[in-house]
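K.L.:
upload.cif is reproduced below (mmCIF, C-alpha atoms).
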```
data_model
#
loop_
_atom_site.label_atom_id
_atom_site.label_comp_id
_atom_site.auth_asym_id
_atom_site.auth_seq_id
_atom_site.Cartn_x
_atom_site.Cartn_y
_atom_site.Cartn_z
CA MET A 7 -4.75 -2.22 -21.45
CA LYS A 8 -7.21 -3.98 -19.14
CA VAL A 9 -5.83 -4.77 -15.67
CA VAL A 10 -8.01 -6.94 -13.45
CA PHE A 11 -7.26 -7.31 -9.74
CA ALA A 12 -8.73 -10.53 -8.32
CA LEU A 13 -10.11 -9.73 -4.87
CA TYR A 14 -11.48 -12.10 -2.24
CA GLU A 15 -12.51 -12.09 1.43
CA GLY A 16 -9.44 -12.11 3.67
CA MET A 17 -6.92 -10.70 1.17
CA THR A 18 -4.08 -8.58 2.60
CA ALA A 19 -4.71 -4.88 1.96
CA LEU A 20 -1.17 -3.83 1.00
CA ASP A 21 -0.76 -6.82 -1.36
CA LEU A 22 -3.60 -5.29 -3.36
CA VAL A 23 -3.00 -1.57 -2.94
CA GLY A 24 0.76 -1.54 -3.59
CA PRO A 25 0.48 -2.70 -7.22
CA TYR A 26 -2.94 -1.01 -7.59
CA GLN A 27 -1.40 2.41 -6.93
CA VAL A 28 1.38 1.78 -9.47
CA PHE A 29 -0.99 0.59 -12.20
CA ALA A 30 -3.53 3.31 -11.39
CA ILE A 31 -1.21 6.18 -12.25
CA ALA A 32 0.60 4.47 -15.14
CA PRO A 33 -0.53 5.62 -18.58
CA GLY A 34 -3.15 3.67 -20.53
CA MET A 35 -4.30 1.29 -17.80
CA GLU A 36 -8.00 0.53 -17.35
CA ILE A 37 -8.35 -1.05 -13.92
CA THR A 38 -11.11 -3.32 -12.64
CA LEU A 39 -11.39 -4.63 -9.09
CA ALA A 40 -13.25 -7.94 -9.46
CA ALA A 41 -14.20 -10.87 -7.23
CA SER A 42 -16.44 -13.93 -7.21
CA THR A 43 -19.25 -11.54 -6.32
CA SER A 44 -19.16 -7.76 -6.49
CA GLY A 45 -19.41 -5.65 -3.34
CA PRO A 46 -17.46 -5.09 -0.14
CA LYS A 47 -14.65 -7.51 0.76
CA GLN A 48 -13.03 -7.49 4.19
CA THR A 49 -9.23 -7.75 4.27
CA ASP A 50 -7.40 -9.91 6.80
CA SER A 51 -6.80 -6.82 8.96
CA GLY A 52 -10.40 -5.60 8.83
CA MET A 53 -10.32 -2.82 6.22
CA VAL A 54 -13.17 -3.13 3.72
CA ILE A 55 -12.45 -2.58 0.01
CA HIS A 56 -15.06 -2.79 -2.75
CA ALA A 57 -15.01 -5.21 -5.67
CA GLU A 58 -16.60 -3.28 -8.56
CA LYS A 59 -17.58 -6.33 -10.59
CA ALA A 60 -18.13 -10.05 -10.39
CA PHE A 61 -15.71 -12.11 -12.50
CA SER A 62 -18.73 -13.05 -14.66
CA GLU A 63 -19.06 -9.36 -15.61
CA VAL A 64 -15.40 -8.91 -16.59
CA ALA A 65 -15.01 -8.72 -20.37
CA GLY A 66 -11.32 -9.60 -20.59
CA ALA A 67 -7.96 -9.09 -18.92
CA ASP A 68 -4.59 -8.22 -20.41
CA VAL A 69 -3.02 -8.28 -16.95
CA ILE A 70 -4.30 -10.16 -13.89
CA VAL A 71 -3.04 -9.42 -10.38
CA VAL A 72 -3.79 -11.71 -7.43
CA PRO A 73 -2.99 -10.41 -3.92
CA GLY A 74 -2.02 -12.74 -1.08
CA THR A 75 -3.53 -13.31 2.34
CA GLY A 76 -2.67 -14.46 5.83
CA GLN A 77 -5.50 -17.00 5.48
CA PRO A 78 -4.90 -18.80 2.16
CA GLN A 79 -7.59 -21.42 2.90
CA ALA A 80 -10.34 -19.03 1.78
CA PRO A 81 -9.12 -18.30 -1.78
CA LEU A 82 -7.88 -21.88 -2.21
CA ALA A 83 -11.48 -23.01 -1.63
CA ASP A 84 -13.02 -20.27 -3.83
CA LYS A 85 -13.97 -22.29 -6.91
CA VAL A 86 -15.34 -19.27 -8.78
CA LEU A 87 -12.01 -17.46 -8.32
CA LEU A 88 -9.88 -20.47 -9.30
CA ASP A 89 -12.05 -21.30 -12.34
CA TRP A 90 -11.93 -17.69 -13.54
CA LEU A 91 -8.14 -17.60 -13.15
CA ALA A 92 -7.75 -20.88 -15.03
CA ARG A 93 -9.87 -19.56 -17.91
CA ALA A 94 -8.71 -15.92 -18.04
CA SER A 95 -4.98 -16.40 -17.47
CA PRO A 96 -4.15 -18.16 -20.78
CA LYS A 97 -5.71 -15.21 -22.66
CA ALA A 98 -3.86 -12.57 -20.59
CA GLN A 99 -0.41 -11.21 -21.41
CA LEU A 100 0.73 -11.45 -17.80
CA THR A 101 -0.71 -13.09 -14.69
CA CYS A 102 0.84 -11.66 -11.52
CA SER A 103 0.72 -12.45 -7.81
CA VAL A 104 1.87 -10.85 -4.59
CA CYS A 105 2.85 -12.82 -1.48
CA THR A 106 0.70 -15.94 -0.98
CA GLY A 107 -1.25 -14.95 -4.08
CA SER A 108 1.17 -17.35 -5.79
CA LEU A 109 -0.47 -20.22 -3.88
CA VAL A 110 -3.76 -19.15 -5.47
CA LEU A 111 -2.15 -19.19 -8.92
CA GLY A 112 -0.79 -22.63 -8.05
CA ALA A 113 -4.20 -23.91 -7.00
CA ALA A 114 -5.58 -22.67 -10.33
CA GLY A 115 -2.99 -24.87 -12.06
CA LEU A 116 -0.97 -21.97 -13.42
CA LEU A 117 2.46 -22.70 -11.91
CA ARG A 118 3.15 -26.34 -12.82
CA GLY A 119 6.85 -26.70 -13.68
CA LYS A 120 7.44 -22.97 -13.24
CA ARG A 121 9.84 -21.01 -11.08
CA ALA A 122 7.84 -18.86 -8.66
CA THR A 123 8.13 -16.96 -5.39
CA SER A 124 5.89 -16.12 -2.43
CA HIS A 125 6.11 -14.77 1.12
CA TRP A 126 9.38 -16.19 2.55
CA ALA A 127 7.46 -18.16 5.18
CA ALA A 128 5.20 -19.79 2.57
CA LEU A 129 7.82 -20.49 -0.08
CA ASP A 130 8.00 -24.27 0.35
CA LEU A 131 4.22 -24.60 -0.05
CA LEU A 132 4.62 -23.78 -3.75
CA ARG A 133 5.91 -27.32 -4.30
CA GLU A 134 2.41 -28.64 -3.53
CA PHE A 135 1.32 -27.06 -6.81
CA GLY A 136 4.24 -28.33 -8.88
CA ALA A 137 6.12 -25.03 -8.84
CA GLU A 138 9.82 -24.55 -8.18
CA PRO A 139 10.22 -22.12 -5.25
CA VAL A 140 12.73 -19.31 -5.76
CA GLN A 141 13.65 -16.80 -3.06
CA GLU A 142 13.76 -13.67 -5.22
CA ARG A 143 11.91 -10.35 -4.97
CA VAL A 144 10.13 -10.70 -8.33
CA VAL A 145 10.16 -13.74 -10.61
CA PHE A 146 9.26 -13.41 -14.31
CA GLU A 147 8.61 -16.83 -15.86
CA GLY A 148 6.86 -16.92 -19.19
CA SER A 149 3.54 -15.17 -18.74
CA THR A 150 3.53 -15.39 -14.94
CA VAL A 151 5.07 -12.89 -12.54
CA THR A 152 5.24 -13.73 -8.85
CA ALA A 153 6.40 -11.39 -6.10
CA ALA A 154 7.65 -11.97 -2.55
CA GLY A 155 5.73 -10.95 0.58
CA VAL A 156 3.25 -8.05 0.89
CA SER A 157 5.39 -4.97 0.08
CA ALA A 158 7.04 -6.71 -2.91
CA GLY A 159 3.98 -5.95 -5.03
CA ILE A 160 5.23 -2.38 -5.54
CA ASP A 161 8.53 -3.58 -7.01
CA MET A 162 6.67 -6.15 -9.10
CA ALA A 163 4.23 -3.63 -10.54
CA LEU A 164 6.99 -1.19 -11.51
CA SER A 165 8.80 -4.01 -13.34
CA VAL A 166 5.58 -5.00 -15.11
CA ILE A 167 4.91 -1.39 -16.20
CA ALA A 168 8.47 -1.23 -17.57
CA ARG A 169 7.88 -4.47 -19.49
CA LEU A 170 4.46 -3.54 -20.88
CA VAL A 171 4.71 0.23 -21.35
CA GLY A 172 8.40 1.03 -21.14
CA GLU A 173 11.03 2.14 -18.67
CA PRO A 174 10.30 5.88 -18.96
CA ALA A 175 6.70 5.29 -17.85
CA ALA A 176 7.85 3.13 -14.93
CA ARG A 177 10.34 5.79 -13.83
CA MET A 178 7.61 8.45 -13.98
CA VAL A 179 5.36 6.35 -11.78
CA GLN A 180 8.21 5.72 -9.34
CA LEU A 181 8.87 9.45 -8.98
CA GLY A 182 5.11 10.11 -8.83
CA ILE A 183 4.71 7.87 -5.78
CA GLU A 184 8.12 9.05 -4.45
CA TYR A 185 9.25 5.45 -4.18
CA ASP A 186 12.65 6.12 -2.67
CA PRO A 187 12.38 3.58 0.13
CA GLN A 188 14.35 4.21 3.31
CA PRO A 189 13.39 1.47 5.77
CA PRO A 190 14.52 2.51 9.25
CA PHE A 191 15.87 -1.01 9.88
CA ASN A 192 17.50 -3.77 7.88
CA ALA A 193 15.12 -6.59 8.76
CA GLY A 194 13.02 -7.05 5.63
CA SER A 195 14.36 -10.43 4.51
CA PRO A 196 15.09 -13.61 6.47
CA ALA A 197 18.81 -13.26 5.68
CA ALA A 198 18.97 -9.68 6.94
CA ALA A 199 16.74 -10.30 9.94
CA GLY A 200 18.64 -13.33 11.25
CA PRO A 201 17.40 -16.63 12.73
CA GLU A 202 16.05 -15.24 16.01
CA LEU A 203 13.73 -12.74 14.34
CA VAL A 204 12.71 -15.30 11.70
CA GLN A 205 11.71 -17.68 14.49
CA ALA A 206 9.74 -14.93 16.26
CA VAL A 207 7.77 -14.08 13.10
CA LYS A 208 7.13 -17.79 12.40
CA GLN A 209 5.73 -18.19 15.92
CA TRP A 210 3.54 -15.12 15.40
CA LEU A 211 2.33 -16.53 12.05
CA ALA A 212 1.63 -19.92 13.64
CA GLN A 213 -0.86 -18.18 15.92
CA SER A 214 -2.28 -15.46 13.68
CA ALA A 215 -1.92 -16.88 10.16
CA PRO A 216 -1.15 -20.62 10.33
CA GLY A 217 -2.23 -21.14 6.70
CA VAL A 218 0.89 -19.29 5.55
CA LEU A 219 3.05 -22.04 7.09
CA GLN A 220 0.98 -25.12 6.28
CA LEU A 221 -1.82 -25.76 3.79
CA MET B 16 -3.16 2.04 21.75
CA LYS B 17 -5.90 3.66 19.66
CA VAL B 18 -4.83 4.50 16.09
CA VAL B 19 -7.28 6.56 14.04
CA PHE B 20 -6.84 6.95 10.29
CA ALA B 21 -8.58 10.09 9.00
CA LEU B 22 -10.19 9.20 5.66
CA TYR B 23 -11.87 11.50 3.14
CA GLU B 24 -13.18 11.44 -0.43
CA GLY B 25 -10.30 11.59 -2.90
CA MET B 26 -7.53 10.33 -0.61
CA THR B 27 -4.70 8.35 -2.26
CA ALA B 28 -5.09 4.63 -1.59
CA LEU B 29 -1.44 3.75 -0.89
CA ASP B 30 -1.00 6.78 1.43
CA LEU B 31 -3.59 5.12 3.63
CA VAL B 32 -2.84 1.42 3.17
CA GLY B 33 0.96 1.59 3.52
CA PRO B 34 0.90 2.73 7.16
CA TYR B 35 -2.39 0.89 7.79
CA GLN B 36 -0.73 -2.46 7.02
CA VAL B 37 2.20 -1.69 9.32
CA PHE B 38 0.00 -0.61 12.24
CA ALA B 39 -2.46 -3.46 11.63
CA ILE B 40 0.07 -6.20 12.31
CA ALA B 41 2.00 -4.39 15.03
CA PRO B 42 1.21 -5.60 18.56
CA GLY B 43 -1.34 -3.78 20.71
CA MET B 44 -2.82 -1.47 18.09
CA GLU B 45 -6.58 -0.89 17.92
CA ILE B 46 -7.27 0.65 14.53
CA THR B 47 -10.24 2.78 13.47
CA LEU B 48 -10.87 4.07 9.96
CA ALA B 49 -12.85 7.27 10.47
CA ALA B 50 -14.13 10.16 8.35
CA SER B 51 -16.53 13.09 8.50
CA THR B 52 -19.26 10.56 7.82
CA SER B 53 -18.97 6.78 7.99
CA GLY B 54 -19.35 4.66 4.87
CA PRO B 55 -17.63 4.20 1.52
CA LYS B 56 -15.03 6.76 0.40
CA GLN B 57 -13.68 6.81 -3.14
CA THR B 58 -9.93 7.26 -3.51
CA ASP B 59 -8.41 9.50 -6.17
CA SER B 60 -7.82 6.46 -8.39
CA GLY B 61 -11.33 5.05 -7.98
CA MET B 62 -10.90 2.29 -5.38
CA VAL B 63 -13.57 2.46 -2.68
CA ILE B 64 -12.53 1.95 0.97
CA HIS B 65 -14.92 2.02 3.92
CA ALA B 66 -14.76 4.45 6.83
CA GLU B 67 -16.01 2.45 9.82
CA LYS B 68 -16.99 5.44 11.94
CA ALA B 69 -17.75 9.13 11.79
CA PHE B 70 -15.28 11.32 13.72
CA SER B 71 -18.16 12.11 16.09
CA GLU B 72 -18.24 8.41 17.07
CA VAL B 73 -14.49 8.15 17.77
CA ALA B 74 -13.80 8.01 21.49
CA GLY B 75 -10.15 9.04 21.44
CA ALA B 76 -6.92 8.71 19.50
CA ASP B 77 -3.39 8.02 20.73
CA VAL B 78 -2.11 8.14 17.16
CA ILE B 79 -3.71 9.97 14.21
CA VAL B 80 -2.70 9.27 10.60
CA VAL B 81 -3.79 11.52 7.71
CA PRO B 82 -3.21 10.25 4.16
CA GLY B 83 -2.58 12.61 1.25
CA THR B 84 -4.37 13.11 -2.04
CA GLY B 85 -3.84 14.30 -5.57
CA GLN B 86 -6.77 16.70 -4.99
CA PRO B 87 -6.01 18.52 -1.72
CA GLN B 88 -8.87 21.01 -2.26
CA ALA B 89 -11.39 18.46 -0.94
CA PRO B 90 -9.88 17.80 2.52
CA LEU B 91 -8.78 21.45 2.86
CA ALA B 92 -12.47 22.39 2.56
CA ASP B 93 -13.70 19.59 4.87
CA LYS B 94 -14.52 21.56 8.03
CA VAL B 95 -15.57 18.48 9.98
CA LEU B 96 -12.20 16.84 9.26
CA LEU B 97 -10.15 19.96 10.08
CA ASP B 98 -12.12 20.68 13.27
CA TRP B 99 -11.73 17.10 14.46
CA LEU B 100 -7.97 17.18 13.79
CA ALA B 101 -7.61 20.50 15.63
CA ARG B 102 -9.45 19.08 18.66
CA ALA B 103 -8.08 15.50 18.69
CA SER B 104 -4.43 16.16 17.84
CA PRO B 105 -3.45 17.98 21.09
CA LYS B 106 -4.70 14.95 23.05
CA ALA B 107 -2.88 12.40 20.86
CA GLN B 108 0.68 11.21 21.41
CA LEU B 109 1.52 11.51 17.71
CA THR B 110 -0.23 13.07 14.71
CA CYS B 111 1.15 11.71 11.44
CA SER B 112 0.69 12.49 7.76
CA VAL B 113 1.67 10.94 4.45
CA CYS B 114 2.30 12.94 1.27
CA THR B 115 -0.04 15.97 0.94
CA GLY B 116 -1.69 14.88 4.18
CA SER B 117 0.73 17.39 5.71
CA LEU B 118 -1.20 20.17 3.94
CA VAL B 119 -4.29 18.94 5.78
CA LEU B 120 -2.40 19.07 9.10
CA GLY B 121 -1.31 22.58 8.13
CA ALA B 122 -4.86 23.67 7.36
CA ALA B 123 -5.91 22.37 10.78
CA GLY B 124 -3.31 24.70 12.31
CA LEU B 125 -1.04 21.91 13.49
CA LEU B 126 2.22 22.82 11.73
CA ARG B 127 2.80 26.49 12.59
CA GLY B 128 6.52 27.05 13.16
CA LYS B 129 7.27 23.36 12.67
CA ARG B 130 9.59 21.49 10.32
CA ALA B 131 7.53 19.25 8.05
CA THR B 132 7.65 17.36 4.77
CA SER B 133 5.24 16.41 1.99
CA HIS B 134 5.24 15.05 -1.56
CA TRP B 135 8.30 16.63 -3.22
CA ALA B 136 6.10 18.51 -5.71
CA ALA B 137 3.96 20.03 -2.93
CA LEU B 138 6.75 20.85 -0.49
CA ASP B 139 6.71 24.64 -0.93
CA LEU B 140 2.96 24.78 -0.23
CA LEU B 141 3.69 23.98 3.42
CA ARG B 142 4.83 27.59 3.87
CA GLU B 143 1.22 28.73 3.38
CA PHE B 144 0.46 27.10 6.73
CA GLY B 145 3.46 28.53 8.57
CA ALA B 146 5.51 25.33 8.38
CA GLU B 147 9.17 25.03 7.43
CA PRO B 148 9.46 22.62 4.47
CA VAL B 149 12.13 19.94 4.78
CA GLN B 150 12.98 17.47 2.02
CA GLU B 151 13.40 14.37 4.15
CA ARG B 152 11.72 10.96 4.04
CA VAL B 153 10.19 11.22 7.53
CA VAL B 154 10.25 14.26 9.82
CA PHE B 155 9.65 13.89 13.56
CA GLU B 156 8.94 17.29 15.17
CA GLY B 157 7.46 17.29 18.64
CA SER B 158 4.20 15.37 18.43
CA THR B 159 3.88 15.57 14.64
CA VAL B 160 5.37 13.15 12.13
CA THR B 161 5.20 13.99 8.44
CA ALA B 162 6.26 11.71 5.59
CA ALA B 163 7.22 12.35 1.96
CA GLY B 164 5.10 11.22 -1.02
CA VAL B 165 2.75 8.20 -1.13
CA SER B 166 5.10 5.24 -0.50
CA ALA B 167 6.89 7.06 2.36
CA GLY B 168 4.04 6.15 4.71
CA ILE B 169 5.51 2.65 5.12
CA ASP B 170 8.86 4.03 6.33
CA MET B 171 7.04 6.51 8.56
CA ALA B 172 4.84 3.86 10.19
CA LEU B 173 7.79 1.57 10.93
CA SER B 174 9.59 4.49 12.62
CA VAL B 175 6.47 5.31 14.64
CA ILE B 176 6.08 1.68 15.78
CA ALA B 177 9.73 1.70 16.86
CA ARG B 178 9.14 4.92 18.81
CA LEU B 179 5.88 3.81 20.48
CA VAL B 180 6.36 0.06 20.93
CA GLY B 181 10.07 -0.55 20.42
CA GLU B 182 12.56 -1.54 17.74
CA PRO B 183 12.05 -5.31 18.10
CA ALA B 184 8.33 -4.89 17.27
CA ALA B 185 9.14 -2.69 14.27
CA ARG B 186 11.66 -5.23 12.97
CA MET B 187 9.10 -8.03 13.33
CA VAL B 188 6.57 -6.03 11.32
CA GLN B 189 9.19 -5.27 8.66
CA LEU B 190 10.00 -8.97 8.26
CA GLY B 191 6.29 -9.83 8.38
CA ILE B 192 5.55 -7.61 5.38
CA GLU B 193 8.89 -8.62 3.80
CA TYR B 194 9.82 -4.97 3.43
CA ASP B 195 13.13 -5.47 1.67
CA PRO B 196 12.49 -2.93 -1.10
CA GLN B 197 14.23 -3.48 -4.42
CA PRO B 198 12.95 -0.78 -6.79
CA PRO B 199 13.85 -1.78 -10.36
CA PHE B 200 14.97 1.79 -11.09
CA ASN B 201 16.62 4.64 -9.21
CA ALA B 202 14.04 7.33 -9.89
CA GLY B 203 12.16 7.68 -6.61
CA SER B 204 13.42 11.12 -5.58
CA PRO B 205 13.83 14.35 -7.58
CA ALA B 206 17.62 14.18 -7.08
CA ALA B 207 17.87 10.61 -8.36
CA ALA B 208 15.38 11.11 -11.19
CA GLY B 209 17.00 14.23 -12.63
CA PRO B 210 15.48 17.46 -13.97
CA GLU B 211 13.96 16.00 -17.17
CA LEU B 212 11.88 13.38 -15.33
CA VAL B 213 10.95 15.90 -12.61
CA GLN B 214 9.63 18.22 -15.31
CA ALA B 215 7.67 15.37 -16.94
CA VAL B 216 6.00 14.43 -13.64
CA LYS B 217 5.22 18.09 -12.88
CA GLN B 218 3.53 18.41 -16.28
CA TRP B 219 1.56 15.25 -15.60
CA LEU B 220 0.54 16.59 -12.16
CA ALA B 221 -0.47 19.95 -13.68
CA GLN B 222 -3.02 18.06 -15.76
CA SER B 223 -4.12 15.27 -13.42
CA ALA B 224 -3.55 16.73 -9.95
CA PRO B 225 -3.00 20.51 -10.16
CA GLY B 226 -3.82 20.98 -6.47
CA VAL B 227 -0.53 19.30 -5.57
CA LEU B 228 1.37 22.15 -7.25
CA GLN B 229 -0.79 25.13 -6.28
CA LEU B 230 -3.42 25.63 -3.58
#
```
In structure tokens, what does this structure look like?

P.N.:
Amino acid sequence: MKVVFALYEGMTALDLVGPYQVFAIAPGMEITLAASTSGPKQTDSGMVIHAEKAFSEVAGADVIVVPGTGQPQAPLADKVLLDWLARASPKAQLTCSVCTGSLVLGAAGLLRGKRATSHWAALDLLREFGAEPVQERVVFEGSTVTAAGVSAGIDMALSVIARLVGEPAARMVQLGIEYDPQPPFNAGSPAAAGPELVQAVKQWLAQSAPGVLQL
Amino acid sequence: MKVVFALYEGMTALDLVGPYQVFAIAPGMEITLAASTSGPKQTDSGMVIHAEKAFSEVAGADVIVVPGTGQPQAPLADKVLLDWLARASPKAQLTCSVCTGSLVLGAAGLLRGKRATSHWAALDLLREFGAEPVQERVVFEGSTVTAAGVSAGIDMALSVIARLVGEPAARMVQLGIEYDPQPPFNAGSPAAAGPELVQAVKQWLAQSAPGVLQL
């Protein structure tokens, strides 16, 4: 099964690497890291990760995964990326996103009339692309799968492996990466964090990643 | 605060990127990705991530983070890496590992007589380095912090941020990366997975990553 990760300058590292690690050790997955052009891509925190191929060199994709970013303006203006998604997605079994990657799917016209999720702070922006925002961890809707912010890509990928390969394979991967999460605090969702912390993170985003709050 | 991630050929991508993402958005952290030589390093699943500097170019480290690997033989034979760890760790506030990264700390002589953890399948190997294996998610022991397998680096990094910067900062990071984990299955620890699945993963490791089971 061919799994293509759609990279771009400014993507968030963990949005990519969470699901990458799950797919990479699942059985029968042939993974390609692709982008508009091949070569090094800098993430929004500075780490540089290589795209192995240009989209023009990718033969086909059974599964597509689009990571999110703190600076959505860049992928939303990347015509090569959006055109490839619009052409490749209808032929794929599943097209998946993590975090604000769902805005990229939206800009490629893939979410019209569909339920979808995103980073909690960006959720309302999905309406701009005709999607129906849903605050859930992972949303399966037809052939699209959208995940909540950053770390949600791990949960999403395990669910996708279960769907495509089977639950035993997904459980093996989960034990392989010892995914027995024990967050030291209960602050991972807006509801758990409370209004004061939500406001603090929104203020931080307004300075460091304003494109997550407003297109 | 200077945070140095110690990269090497064959490291596991998520071991590195989980804590990287947490430190990268925490306030006041200056992150360096370093290795024996600077330049591209291939992870054990193929993804290529850049080391920005050679260890010889790193001025100092307040926090050191060592990712694990499915092929521990490589870092355990990397004299430049082990020598740098042995010299830099005593000057750092905290030296941290994820997964079999604790074996690397052990090989650098940093775990003698200390409680430490690792990937569940590699736990007993810690004894070879004079450490006392402990099956816990994150183990703080003096100035060393060891985490369980792969995904445990996220929990570890949040605990370290809380320790070094404060709980409010750690909670902000947790909400920022929407770390509200909802694994679709309960198979992330040996106890939860049960003996049959543990045996299946051990067989898979014996073929794909034998160095995790035996040095």

K.L.:
Evaluate the PyMOL selection byres ((chain B and resi 135) around 9) here and jot the selected residues down as a list of chain:residue names.

P.N.:
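Selected by the PyMOL selection byres ((chain B and resi 135) around 9) here: A:Glu184, B:Cys114, B:Thr132, B:Ser133, B:His134, B:Ala136, B:Ala137, B:Leu138, B:Asp139, B:Gln150, B:Ala163, B:Gly164, B:Ser204, B:Pro205.
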
K.L.:
Could you please take those selected residues and save C-alpha atoms as an mmCIF file, in the coordinates of the input?

P.N.:
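Below is the file part_25.cif, written as the result:
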```
data_model
loop_
_atom_site.group_PDB
_atom_site.id
_atom_site.type_symbol
_atom_site.label_atom_id
_atom_site.label_comp_id
_atom_site.auth_asym_id
_atom_site.auth_seq_id
_atom_site.Cartn_x
_atom_site.Cartn_y
_atom_site.Cartn_z
ATOM 1 C CA GLU A 184 8.120 9.050 -4.450
ATOM 2 C CA CYS B 114 2.300 12.940 1.270
ATOM 3 C CA THR B 132 7.650 17.360 4.770
ATOM 4 C CA SER B 133 5.240 16.410 1.990
ATOM 5 C CA HIS B 134 5.240 15.050 -1.560
ATOM 6 C CA ALA B 136 6.100 18.510 -5.710
ATOM 7 C CA ALA B 137 3.960 20.030 -2.930
ATOM 8 C CA LEU B 138 6.750 20.850 -0.490
ATOM 9 C CA ASP B 139 6.710 24.640 -0.930
ATOM 10 C CA GLN B 150 12.980 17.470 2.020
ATOM 11 C CA ALA B 163 7.220 12.350 1.960
ATOM 12 C CA GLY B 164 5.100 11.220 -1.020
ATOM 13 C CA SER B 204 13.420 11.120 -5.580
ATOM 14 C CA PRO B 205 13.830 14.350 -7.580
#
```

K.L.:
Could you spell out the hits of the PyMOL selection byres ((chain A and resi 38) around 8) on the shown file, as a compact mmCIF listing (two decimals) with C-alpha atoms, in the frame of the given file?

P.N.:
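See expr23.txt below for the written result:
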```txt
# COMPACT_ATOMS: atom_id res chain seq x y z
CA LYS A 8 -7.21 -3.98 -19.14
CA VAL A 9 -5.83 -4.77 -15.67
CA VAL A 10 -8.01 -6.94 -13.45
CA PHE A 11 -7.26 -7.31 -9.74
CA GLU A 36 -8.00 0.53 -17.35
CA ILE A 37 -8.35 -1.05 -13.92
CA LEU A 39 -11.39 -4.63 -9.09
CA ALA A 40 -13.25 -7.94 -9.46
CA GLU A 58 -16.60 -3.28 -8.56
CA LYS A 59 -17.58 -6.33 -10.59
```

K.L.:
Using all atoms listed in the file, which of the listed residues (A:Asp68, A:Glu173, A:Glu134, A:Asp89) sits closest to Leu109 in chain A?

P.N.:
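Ranking A:Asp68, A:Glu173, A:Glu134, A:Asp89 by distance to Leu109 in chain A, first place goes to A:Glu134.
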
K.L.:
Taking the file above as input, evaluate the PyMOL selection byres ((chain B) within 6 of (chain A)) and report the hits as a PDB file with C-alpha atoms, in the coordinates of the input.

P.N.:
```
ATOM      1  CA  LEU B  29      -1.440   3.750  -0.890  1.00  0.00           C
ATOM      2  CA  VAL B  32      -2.840   1.420   3.170  1.00  0.00           C
ATOM      3  CA  VAL B  63     -13.570   2.460  -2.680  1.00  0.00           C
ATOM      4  CA  ILE B  64     -12.530   1.950   0.970  1.00  0.00           C
ATOM      5  CA  HIS B  65     -14.920   2.020   3.920  1.00  0.00           C
ATOM      6  CA  GLY B 164       5.100  11.220  -1.020  1.00  0.00           C
ATOM      7  CA  VAL B 165       2.750   8.200  -1.130  1.00  0.00           C
ATOM      8  CA  SER B 166       5.100   5.240  -0.500  1.00  0.00           C
ATOM      9  CA  ASP B 170       8.860   4.030   6.330  1.00  0.00           C
ATOM     10  CA  ARG B 186      11.660  -5.230  12.970  1.00  0.00           C
ATOM     11  CA  GLN B 189       9.190  -5.270   8.660  1.00  0.00           C
ATOM     12  CA  LEU B 190      10.000  -8.970   8.260  1.00  0.00           C
ATOM     13  CA  ILE B 192       5.550  -7.610   5.380  1.00  0.00           C
ATOM     14  CA  GLU B 193       8.890  -8.620   3.800  1.00  0.00           C
ATOM     15  CA  TYR B 194       9.820  -4.970   3.430  1.00  0.00           C
ATOM     16  CA  ASP B 195      13.130  -5.470   1.670  1.00  0.00           C
ATOM     17  CA  PRO B 198      12.950  -0.780  -6.790  1.00  0.00           C
ATOM     18  CA  ALA B 202      14.040   7.330  -9.890  1.00  0.00           C
ATOM     19  CA  GLY B 203      12.160   7.680  -6.610  1.00  0.00           C
ATOM     20  CA  SER B 204      13.420  11.120  -5.580  1.00  0.00           C
TER      21      SER B 204
END
```

K.L.:
Record the distance separating CA of Phe61 in chain A and CA of Ala41 in chain A, expressed in Å with one decimal.

P.N.:
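Between these atoms lies a distance of 5.6 Å.
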
K.L.:
Residues at most 8 Å from Lys129 in chain B, counting only C-alpha atoms, excluding those fewer than 6 positions away in the same chain, as a list in words?

P.N.:
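Here the qualifying residues turn out to be Gly145, Ala146, Glu147 and Glu156 of chain B.
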
K.L.:
Between B:Gly209, B:Pro42, B:Pro148, B:Gly116, single out the one closest to Val81 in chain B, counting all atoms listed in the file.

P.N.:
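When distances to Val81 in chain B are compared using all atoms listed in the file, the smallest one comes from B:Gly116.
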
K.L.:
Would you pick out the contacts of Ser42 in chain A at 7 Å or less, using all atoms listed in the file, so that residues sharing its chain but fewer than 3 positions from it are not included, and give the list as a list in words?

P.N.:
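Close residues of Ser42 in chain A: Ala60, Phe61, Val86 and Leu87 of chain A.
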
K.L.:
When you draw a straight line from CA of Leu120 in chain B to CA of Ala74 in chain B, how long is it in Å?

P.N.:
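Separation of CA of Leu120 in chain B and CA of Ala74 in chain B: 20.1 Å.
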
K.L.:
Excluding Thr159 in chain B and its own-chain neighbours fewer than 6 positions away, which residues fall within 9 Å of it when counting all atoms listed in the file? Please give them as a PyMOL selection string.

P.N.:
chain B and resi 104+108-112+125-126+129+131

K.L.:
Enter the distance from CA of Met44 in chain B to CA of Ala212 in chain A, in Å, rounded to one decimal.

P.N.:
19.5 Å

K.L.:
Restricting the calculation to all atoms listed in the file, which member of A:Gln79, A:Met7, A:Arg121, A:Leu13 is positioned closest to Ala67 in chain A?

P.N.:
A:Met7

K.L.:
Write out as a short mmCIF file (atom, residue, chain, number, x, y, z; two decimals) with C-alpha atoms, in the frame of the given file each polymer residue whose atoms come within 8 Å of Val110 in chain A, counting all atoms listed in the file; drop sequence neighbours fewer than 4 positions from it.

P.N.:
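As written to disk, selection-v3.cif reads:
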```
data_model
loop_
_atom_site.label_atom_id
_atom_site.label_comp_id
_atom_site.auth_asym_id
_atom_site.auth_seq_id
_atom_site.Cartn_x
_atom_site.Cartn_y
_atom_site.Cartn_z
CA VAL A 72 -3.79 -11.71 -7.43
CA GLY A 74 -2.02 -12.74 -1.08
CA PRO A 78 -4.90 -18.80 2.16
CA PRO A 81 -9.12 -18.30 -1.78
CA LEU A 82 -7.88 -21.88 -2.21
CA LEU A 88 -9.88 -20.47 -9.30
CA THR A 106 0.70 -15.94 -0.98
CA ALA A 114 -5.58 -22.67 -10.33
#
```
